[in-house]
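> Below you will find the structure I want to go over with you.
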Amino acid sequence: IMALEEEEDNLYGLFVCEDYVVKDFVFGDETQQLLCSNMSSTDFDLTGQIVWPASLLLGWFVWAHHEDIFRGRTILELGAGCGLGGFFAANFASKEPNSVIITDGNDIVMRLLQRNVDFLQFGESVVAKKLLWGKVSELQALYPSPEDLPEVIIGADIILWPSQIQNLLTTVHYILFTRFAAGLKPSEVYISYVVRANTTTDLLYQKAKEWNLLIDTIPTDSFLPADCRVFDPLEKRMFSVKLDEGITTSRI
């Protein structure tokens, strides 16, 4: 059986392209270089090889709020893919070791993230780590104490799969509640996404309510430059997530 699994892995590898190019992403007066795929599409499980529109939206949000939200802070990016949002935010974040942790759950995408860590040379302040949503033990390994938990959490297009919403909110809730219970300043959560199915959006709000989480929409015209607000058939949204501190029971 093991030999058969090894053969399947080798065959799968034949169809996975890990050839990446350096691209420049410009936000205002800042430019972020990044290794990413030049393809317009990829395997459904390897969407993290491509920079999608929601990642660009998150980049503009970071640029608009680099002083008031990201300057000198510790940051966690969930489901990072290429890591555009996390690496761009790292320019403004704390420079202490492990201040910016950029995560994904796919091994191939993790190899791309590590290549970007090596390429961009932020030093010890930025690391790439594998993180599966819903696994509290993995979060505790990354952040041994409540004080270590990130001050800012970001994500782009991480509400793509309805089946993963529960696990995503488990992860977000754990961080928010653990800091709250320790009497620490609440973490801030900012997520960009493209609305592909209203049923997925409805499920997100439903599950957030079950987790005692409050979702607030951030108008994109509050941070997106006018020349970027051209007609786009894709509906892109930005929102924040907060813990409903009136309900202080943990569900973990």
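By order of appearance in the structure tokens: chains A, B, ..., then residues from 1 within every chain, and ligands from 1 in the order shown.
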Mind listing the alpha helix (DSSP H) residues of range 32-192 of chain A, per DSSP on the backbone, as a PyMOL selection string?

chain A and resi 53-64+84-90+107-120+136-142+165-181

> Find the residues of range 151-234 of chain A that sit at most 10 Å from range 100-109 of chain A; for each, write down the nearest two atoms and how far apart they are in Å, to one decimal. Count only C-alpha atoms. Sort by chain, then by number going up, and give it as a tab-separated table.


residue	atom	partner	partner_atom	distance
A:Val152	CA	A:Val100	CA	9.5
A:Ile153	CA	A:Ile101	CA	9.8
A:Ile154	CA	A:Ile102	CA	9.6
A:Gly155	CA	A:Thr103	CA	9.9

> Identify all residues of range 73-179 of chain A in strand (DSSP E) (DSSP on the backbone) and supply them as a compact mmCIF listing (two decimals) with C-alpha atoms, in the first residue's frame.


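Heads up, here's the output in part_17.txt:
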# COMPACT_ATOMS: atom_id res chain seq x y z
CA ILE A 75 0.62 39.77 12.46
CA LEU A 76 -0.78 36.39 11.44
CA GLU A 77 -1.92 35.70 7.88
CA LEU A 78 -4.32 32.77 7.47
CA VAL A 100 4.84 38.08 11.26
CA ILE A 101 3.74 34.48 10.77
CA ILE A 102 2.43 33.68 7.31
CA THR A 103 0.52 30.40 7.14
CA ASP A 104 -1.15 27.96 4.79
CA VAL A 126 8.96 36.92 9.18
CA VAL A 127 8.42 33.16 9.10
CA ALA A 128 6.22 30.77 7.12
CA LYS A 129 4.45 28.04 9.08
CA LYS A 130 1.95 25.35 8.18
CA VAL A 152 -3.60 41.59 13.88
CA ILE A 153 -5.00 38.71 11.81
CA ILE A 154 -5.45 39.03 8.05
CA GLY A 155 -6.71 36.83 5.25
CA ALA A 156 -7.63 37.09 1.58

> Mind pulling up the distance from CA of Ser137 in chain A to CA of Asn212 in chain A?

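Spanning CA of Asn212 in chain A to CA of Ser137 in chain A is a straight-line distance of 21.3 Å.
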
> How close does range 24-75 of chain A get to range 179-199 of chain A? List, as a tab-separated table, each residue of range 24-75 of chain A within 12 Å, its nearest atom pair and the distance in Å to one decimal, counting only C-alpha atoms.


residue	atom	partner	partner_atom	distance
A:Trp52	CA	A:Val194	CA	9.3
A:Pro53	CA	A:Val194	CA	7.6
A:Ala54	CA	A:Tyr193	CA	5.1
A:Ser55	CA	A:Ser192	CA	7.2
A:Leu56	CA	A:Ser192	CA	9.1
A:Leu57	CA	A:Ser192	CA	6.6
A:Leu58	CA	A:Ser192	CA	5.8
A:Gly59	CA	A:Ser192	CA	9.5
A:Trp60	CA	A:Ser192	CA	10.4
A:Phe61	CA	A:Ser192	CA	9.0
A:Val62	CA	A:Tyr190	CA	9.7
A:His65	CA	A:Tyr190	CA	11.3
A:Asp68	CA	A:Glu188	CA	11.8
A:Ile69	CA	A:Glu188	CA	8.5
A:Phe70	CA	A:Glu188	CA	10.1
A:Arg73	CA	A:Ser187	CA	10.3
A:Thr74	CA	A:Ser187	CA	9.7
A:Ile75	CA	A:Ser187	CA	9.5

> For Phe119 in chain A, please output as a tab-separated table (two decimals) with N, CA, C and O atoms, in the first residue's frame all residues within 10 Å (counting only C-alpha atoms; exclusion window: fewer than 5 positions along the same chain).


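Result went into selection-v7.tsv, see below:
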chain	number	residue	atom	x	y	z
A	22	VAL	N	8.92	36.45	-10.55
A	22	VAL	CA	8.86	37.59	-9.65
A	22	VAL	C	7.94	38.64	-10.26
A	22	VAL	O	8.12	39.05	-11.41
A	33	GLN	N	7.48	43.06	-4.08
A	33	GLN	CA	7.83	41.98	-4.98
A	33	GLN	C	7.37	40.65	-4.38
A	33	GLN	O	7.29	40.50	-3.16
A	34	LEU	N	7.09	39.70	-5.26
A	34	LEU	CA	6.58	38.41	-4.80
A	34	LEU	C	6.80	37.35	-5.86
A	34	LEU	O	6.63	37.60	-7.05
A	35	LEU	N	7.18	36.15	-5.41
A	35	LEU	CA	7.22	35.00	-6.29
A	35	LEU	C	5.83	34.39	-6.35
A	35	LEU	O	5.22	34.11	-5.31
A	113	LEU	N	5.67	29.63	-0.10
A	113	LEU	CA	5.81	30.63	0.97
A	113	LEU	C	7.24	30.69	1.48
A	113	LEU	O	7.79	31.77	1.71
A	114	GLN	N	7.85	29.53	1.68
A	114	GLN	CA	9.22	29.52	2.19
A	114	GLN	C	10.18	30.13	1.16
A	114	GLN	O	11.13	30.84	1.54

> Measuring atom to atom with only C-alpha atoms, identify which of A:Leu204, A:Leu149, A:Ile50, A:Ala64 is nearest to Gly28 in chain A.

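Of A:Leu204, A:Leu149, A:Ile50, A:Ala64, the one nearest Gly28 in chain A is A:Ala64, counting only C-alpha atoms.
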